Amino acid sequence: MGPKRELKFALESFWEGKSSADDLQKVAADLRASIWKQMTDAGIKYIPSNTFSYYDQMLDTTAMLGAVPPRYGLNNGEIEFDTYFSMARGNASVPAMEMTKWFDTNYHFIVPELGPDVNFTYASHKAVNEYKEAKALGVDTVPVLIGPVSYLVLSKPAKGVDKSFCLLSLLPKVLAIYKEVVADLKEAGASWVQFDEPIFVLDLDSQTLQAFSTAYAELESTLSGLNVLIETYFADITAEAYQTLTALNGVTAFGFDLVRGTKTLDLIKGGFPSGKYMFAGVVDGRNIWANNLAASLDTLNSLEGIVGKDKLVVSTSCSLLHTAVDLVNETKLDNEIKSWLAFAAQKIVEVNALAKALSGQKDEAFFSSNAAAQASRKSSPRVTNEAVQKAAAALKGSDHRRATNVSARLDAQQKKFNLPILPTTTIGSFPQTVELRRVRREYKANKISEEEYVSSIKEEIRKVVELQENLDIDVLVHGEPERNDMVEYFGEQLSGFAFTVNGWVQSYGSRCVKPPIIYGDVSRPKPMTVFWSSTAQSMTKRPMKGMLTGPVTILNWSFVRNDQPRSETTYQIALAIKDEVEDLEKAGITVIQIDEAALREGLPLRKSEQANYLDWAVHSFRITNIGVQDTTQIHTHMCYSNFNDIIHSIIDMDADVITIENSRSDEKLLSVFRDGVKYGAGIGPGVYDIHSPRIPPTDEIADRINKMLAVLEKNILWVNPDCGLKTRKYPEVNPALTNMVAATKLIRNQLASGK
């Protein structure tokens, strides 16, 4: 994205027709050149290329393989921007491809749609072009490709293809294209190539493990003469996977995440293939804490005796896509907290410092400064709040469930609200206009008074309330005009959080988030949302949702302290949100949404660790609303993940209503209910994709509602978009919501007439 989100602004300008493709490509080339130079200057030996993307690296791989779904038109030759961005975002006539979370991160990838009839062709030469581009600048890079097995396993059968279709059966066709790409890279002068095969860290069956052996045996002759690195990341790998990986033909080097995969060290100590390189991921690529250099050096020294001095390469644990760019751009963080941190630019300096120390050129001053920062963080009184720790510890003795079951609560709520069948609502946010952002920016910079700011925000809320009433939406939201981000907004009002100015991280496409930093114990000094929610409720007689972000989502979308278990931090946040829920209820807000959009993404990648996570994550959610009346309706929302495998944990959250992404993933969620899962609470599977500018027609939405009614009872079904409307514009939102309400009324009429 660039240190100041340069690519984001260039992309959005291009999408809006305000700049040309040449303008966009110039920004992109400047960013790539800058990053390669930065790594060269930091002393990095193995500098990656083909890690830049205009939208997503999995989508780049789909383009490279020419695997364009037919709805985007015939693919003849090189994939152009029009086709590429239509696949990512949809266009006026066709929807986008599915988007879902990349493993357990907040990054989203575009899911390939494959089947037996896909005509794979070498349709994007991006990898070789970027290698040549770097070489022309005097930088010899390691081109990075998503590995063929991971690509296929992370794909899905295209619409109309049997769901049981074996995606790995496409391996021979895909490998034919990979051979062409590798041959091009060799001809261009590459001496190394990196294949990212992150699915190695999942629980793999024997068929998938065999696919790795088959794939790299098939590629071996093409790869001859190249150094080949296979990278794994995000978790430990099993003994079987380790055995398969280290026995692969034609592979020169293996990369491991030794931050989240500490058990992998035991496998390495049990045996590592002679003469092979190891890329040891000891610098955390997913957090912002300064590396404990002394501890990392101890790990590297222990590996050196196994791997050999000349074969051990110091590395980050994964791509630096998942961390902030450069600490030098943080002018408002205080010096103490700043000394505890390292962003991407600092992490490559840490990598080089460790490599030099390993080779006998230790920078004593750098290591000493690092040790002092580690000690400062450990002893700082800002980190610990004994009262908070005691309150969180006391939670472990109870299950924290509301006394009345959900069906009885829904009956009590219906008597109070008298909602129609298929009640309509939205997820929370409304478009953040240029004017609205200007008001918030000027208030933050003290350019307008608090009185002017409050007046402007109230006026925006009034517009949003009137719009929803005119559209005849049943349960309203205030639109969140006062909020910059659904996590940052709360973090700014909780103790134990720090904030960056430019600590942006890509979430998907041009969308970036600025995760707060949780450095200490968390508590709530005062109410955070009561004023705005009460103000909004005073403007309407319809129910107004109080909008909160849940404890697990605040955790998973923050840079979290690494000096205590994540569960402890979550319990602390849960107590703070519990206080807010009870204050909202006292203020007369009786529909309260506690979003847990990121519940699924925190799920450990290994099945053996998942039950423990789900236990404390779901418990934390229940803590937030244990104290409310039966007539107070608790909603939650989840988006853009695979939920089917955790549906029983979602039910165990015991929310009164859950709204959940459904439309962009081809209504995959509904298959759970077709398979017999009984759901008794209110549920609103999304009826249209808000991440695309496309406006869904009324009949399409009506068709979706009918599909839902085929598997869900009409008295529990809600109608809503997939997600919040923050990133859309009003000319898109108004007609889309108009069509949503019209479709709902159409189905209500059909139900009333018995059709």
# chains A, B, ... in the order shown; residues from 1 in each chain; ligands from 1
>>> residues_around(residues="A:Thr299", least_positions_apart="5", cutoff="10 Å", atoms="only C-alpha atoms", output="list in words")
Leu258, Leu265, Ala280, Val282, Leu293, Ala294 and Glu304 of chain A
>>> residues_around(residues="A:Asp298", least_positions_apart="6", cutoff="12 Å", atoms="only C-alpha atoms", output="PDB file with N, CA, C and O atoms, in the first residue's frame")
ATOM      1  N   VAL A 282      12.274 -15.915  12.527  1.00  0.00           N
ATOM      2  CA  VAL A 282      12.342 -15.579  13.959  1.00  0.00           C
ATOM      3  C   VAL A 282      11.848 -14.163  14.254  1.00  0.00           C
ATOM      4  O   VAL A 282      11.641 -13.805  15.416  1.00  0.00           O
ATOM      5  N   ASN A 292      12.792  -9.665  20.459  1.00  0.00           N
ATOM      6  CA  ASN A 292      13.728  -9.935  21.554  1.00  0.00           C
ATOM      7  C   ASN A 292      14.975 -10.534  20.918  1.00  0.00           C
ATOM      8  O   ASN A 292      15.071 -11.743  20.703  1.00  0.00           O
ATOM      9  N   GLU A 304      21.976 -23.341  14.076  1.00  0.00           N
ATOM     10  CA  GLU A 304      23.216 -23.321  13.288  1.00  0.00           C
ATOM     11  C   GLU A 304      23.946 -24.662  13.346  1.00  0.00           C
ATOM     12  O   GLU A 304      24.490 -25.137  12.339  1.00  0.00           O
ATOM     13  N   GLY A 305      23.902 -25.284  14.523  1.00  0.00           N
ATOM     14  CA  GLY A 305      24.580 -26.577  14.665  1.00  0.00           C
ATOM     15  C   GLY A 305      23.894 -27.688  13.889  1.00  0.00           C
ATOM     16  O   GLY A 305      24.521 -28.702  13.573  1.00  0.00           O
ATOM     17  N   LEU A 354      20.411  -9.551  13.223  1.00  0.00           N
ATOM     18  CA  LEU A 354      20.552 -10.940  13.671  1.00  0.00           C
ATOM     19  C   LEU A 354      21.483 -11.728  12.751  1.00  0.00           C
ATOM     20  O   LEU A 354      22.305 -12.528  13.212  1.00  0.00           O
ATOM     21  N   ALA A 357      24.993 -10.695  13.546  1.00  0.00           N
ATOM     22  CA  ALA A 357      25.421 -11.265  14.829  1.00  0.00           C
ATOM     23  C   ALA A 357      25.769 -12.740  14.668  1.00  0.00           C
ATOM     24  O   ALA A 357      26.744 -13.238  15.251  1.00  0.00           O
ATOM     25  N   LEU A 358      24.988 -13.423  13.854  1.00  0.00           N
ATOM     26  CA  LEU A 358      25.215 -14.846  13.616  1.00  0.00           C
ATOM     27  C   LEU A 358      26.550 -15.080  12.913  1.00  0.00           C
ATOM     28  O   LEU A 358      27.214 -16.095  13.116  1.00  0.00           O
TER      29      LEU A 358
END
>>> closest_atom_pairs(of="stretch 423-465 of chain A", to="stretch 477-496 of chain A", cutoff="10 Å", atoms="only C-alpha atoms", output="Markdown table")
| residue | atom | partner | partner_atom | distance |
| --- | --- | --- | --- | --- |
| A:Thr425 | CA | A:Val477 | CA | 7.9 |
| A:Thr426 | CA | A:Val477 | CA | 7.0 |
| A:Ile427 | CA | A:Val477 | CA | 7.7 |
| A:Gly428 | CA | A:Val477 | CA | 5.6 |
| A:Ser429 | CA | A:Gly479 | CA | 4.4 |
| A:Phe430 | CA | A:Gly479 | CA | 4.6 |
| A:Pro431 | CA | A:Gly479 | CA | 7.8 |
| A:Gln432 | CA | A:Pro481 | CA | 6.8 |
| A:Thr433 | CA | A:Pro481 | CA | 9.1 |
| A:Leu436 | CA | A:Pro481 | CA | 7.0 |
| A:Arg437 | CA | A:Asn484 | CA | 8.3 |
| A:Val439 | CA | A:Glu482 | CA | 9.4 |
| A:Arg440 | CA | A:Glu482 | CA | 7.2 |
| A:Arg441 | CA | A:Asn484 | CA | 9.8 |
| A:Tyr453 | CA | A:Glu482 | CA | 9.3 |
| A:Val454 | CA | A:Glu482 | CA | 9.0 |
| A:Ser456 | CA | A:Pro481 | CA | 9.5 |
| A:Ile457 | CA | A:Pro481 | CA | 6.3 |
| A:Lys458 | CA | A:Pro481 | CA | 8.8 |
| A:Glu459 | CA | A:Pro481 | CA | 9.8 |
| A:Glu460 | CA | A:Pro481 | CA | 6.8 |
| A:Ile461 | CA | A:His478 | CA | 5.5 |
| A:Arg462 | CA | A:His478 | CA | 8.1 |
| A:Lys463 | CA | A:His478 | CA | 9.3 |
| A:Val464 | CA | A:Gly479 | CA | 6.3 |
| A:Val465 | CA | A:His478 | CA | 6.4 |
>>> residues_around(residues="A:Gln593", least_positions_apart="5", cutoff="7 Å", atoms="only C-alpha atoms", output="PyMOL selection string")
chain A and resi 545-548+634-636
>>> write_last_selection(atoms="all heavy atoms", output="CSV table (one decimal), in the first residue's frame")
chain,number,residue,atom,x,y,z
A,545,LYS,N,-30.7,0.6,17.0
A,545,LYS,CA,-29.6,-0.3,17.5
A,545,LYS,C,-28.5,0.5,18.2
A,545,LYS,O,-28.0,1.4,17.5
A,545,LYS,CB,-29.1,-1.2,16.4
A,545,LYS,CG,-30.0,-2.3,16.0
A,545,LYS,CD,-29.3,-3.4,15.2
A,545,LYS,CE,-29.1,-3.1,13.8
A,545,LYS,NZ,-28.6,-4.2,13.0
A,546,GLY,N,-28.1,0.1,19.4
A,546,GLY,CA,-26.8,0.6,19.9
A,546,GLY,C,-25.7,-0.3,19.3
A,546,GLY,O,-25.9,-1.5,19.2
A,547,MET,N,-24.7,0.4,18.8
A,547,MET,CA,-23.7,-0.4,18.0
A,547,MET,C,-22.4,-0.5,18.7
A,547,MET,O,-21.7,0.5,19.0
A,547,MET,CB,-23.5,0.3,16.7
A,547,MET,CG,-24.7,0.5,15.8
A,547,MET,SD,-25.4,-1.1,15.3
A,547,MET,CE,-24.0,-1.9,14.6
A,548,LEU,N,-21.9,-1.7,19.1
A,548,LEU,CA,-20.7,-1.9,19.8
A,548,LEU,C,-19.9,-3.0,19.0
A,548,LEU,O,-20.4,-3.8,18.3
A,548,LEU,CB,-21.0,-2.5,21.2
A,548,LEU,CG,-21.8,-1.6,22.1
A,548,LEU,CD1,-22.1,-2.4,23.4
A,548,LEU,CD2,-21.2,-0.3,22.3
A,634,ILE,N,-30.3,-8.7,21.9
A,634,ILE,CA,-28.8,-8.6,21.6
A,634,ILE,C,-28.6,-9.2,20.2
A,634,ILE,O,-28.9,-10.4,19.9
A,634,ILE,CB,-28.0,-9.4,22.6
A,634,ILE,CG1,-28.2,-8.8,24.0
A,634,ILE,CG2,-26.6,-9.5,22.3
A,634,ILE,CD1,-27.7,-7.4,24.2
A,635,HIS,N,-28.0,-8.4,19.3
A,635,HIS,CA,-27.7,-8.8,18.0
A,635,HIS,C,-26.1,-9.0,17.9
A,635,HIS,O,-25.4,-8.4,18.7
A,635,HIS,CB,-28.0,-7.7,17.0
A,635,HIS,CG,-29.5,-7.6,16.7
A,635,HIS,ND1,-30.0,-7.4,15.4
A,635,HIS,CD2,-30.5,-7.5,17.5
A,635,HIS,CE1,-31.3,-7.3,15.5
A,635,HIS,NE2,-31.7,-7.3,16.8
A,636,THR,N,-25.7,-9.8,17.0
A,636,THR,CA,-24.3,-9.8,16.7
A,636,THR,C,-24.1,-9.9,15.1
A,636,THR,O,-25.1,-10.2,14.5
A,636,THR,CB,-23.5,-10.9,17.4
A,636,THR,OG1,-22.1,-10.7,17.2
A,636,THR,CG2,-23.9,-12.3,16.9
>>> select_by_dssp(residues="stretch 400-505 of chain A", states="strand (DSSP E or B)", output="ChimeraX atom specification")
/A:424-425,429,475-476,479,495-498,505
>>> residues_around(residues="A:Gln389", least_positions_apart="3", cutoff="12 Å", atoms="only C-alpha atoms", output="PyMOL selection string")
chain A and resi 383-386+392-396+520-523+564+568-573+575
>>> closest_residue(among="A:Val677, A:Leu555, A:Ala587, A:Ile747", to="A:Ile518", atoms="only C-alpha atoms")
A:Leu555
>>> closest_residue(among="A:Pro112, A:Pro95, A:Pro48, A:Pro423", to="A:Tyr688", atoms="only C-alpha atoms")
A:Pro95
>>> residues_around(residues="A:Phe9", least_positions_apart="5", cutoff="12 Å", atoms="only C-alpha atoms", output="MDAnalysis selection string")
chainID A and resid 1:2 4 14:16 18:19 23:24 27:28 54 509:512
>>> residues_around(residues="A:Tyr679", least_positions_apart="6", cutoff="8 Å", atoms="only C-alpha atoms", output="PDB file with C-alpha atoms, in the first residue's frame")
ATOM      1  CA  ILE A 651     -25.296 -20.914  18.298  1.00  0.00           C
ATOM      2  CA  PHE A 673     -29.229 -25.447   7.584  1.00  0.00           C
ATOM      3  CA  LEU A 712     -35.145 -21.281   7.880  1.00  0.00           C
TER       4      LEU A 712
END
>>> select_by_dssp(residues="stretch 328-436 of chain A", states="alpha helix (DSSP H)", output="ChimeraX atom specification")
/A:335-339,344-358,364-379,386-393,406-417,434-436
>>> closest_residue(among="A:Ser34, A:Ser620, A:Asn644, A:Ser53", to="A:Ser398", atoms="only C-alpha atoms")
A:Ser620
>>> closest_residue(among="A:Leu737, A:Val351, A:Ala342, A:Ile647", to="A:Leu467", atoms="only C-alpha atoms")
A:Leu737
>>> closest_residue(among="A:Arg5, A:Lys390, A:Lys276, A:Lys356", to="A:Thr246", atoms="only C-alpha atoms")
A:Lys276
>>> residues_around(residues="A:Thr252", least_positions_apart="4", cutoff="9 Å", atoms="only C-alpha atoms", output="list in words")
Leu226, Asn227, Val228, Leu229, Ile230, Gly275, Lys276, Tyr277 and Met278 of chain A
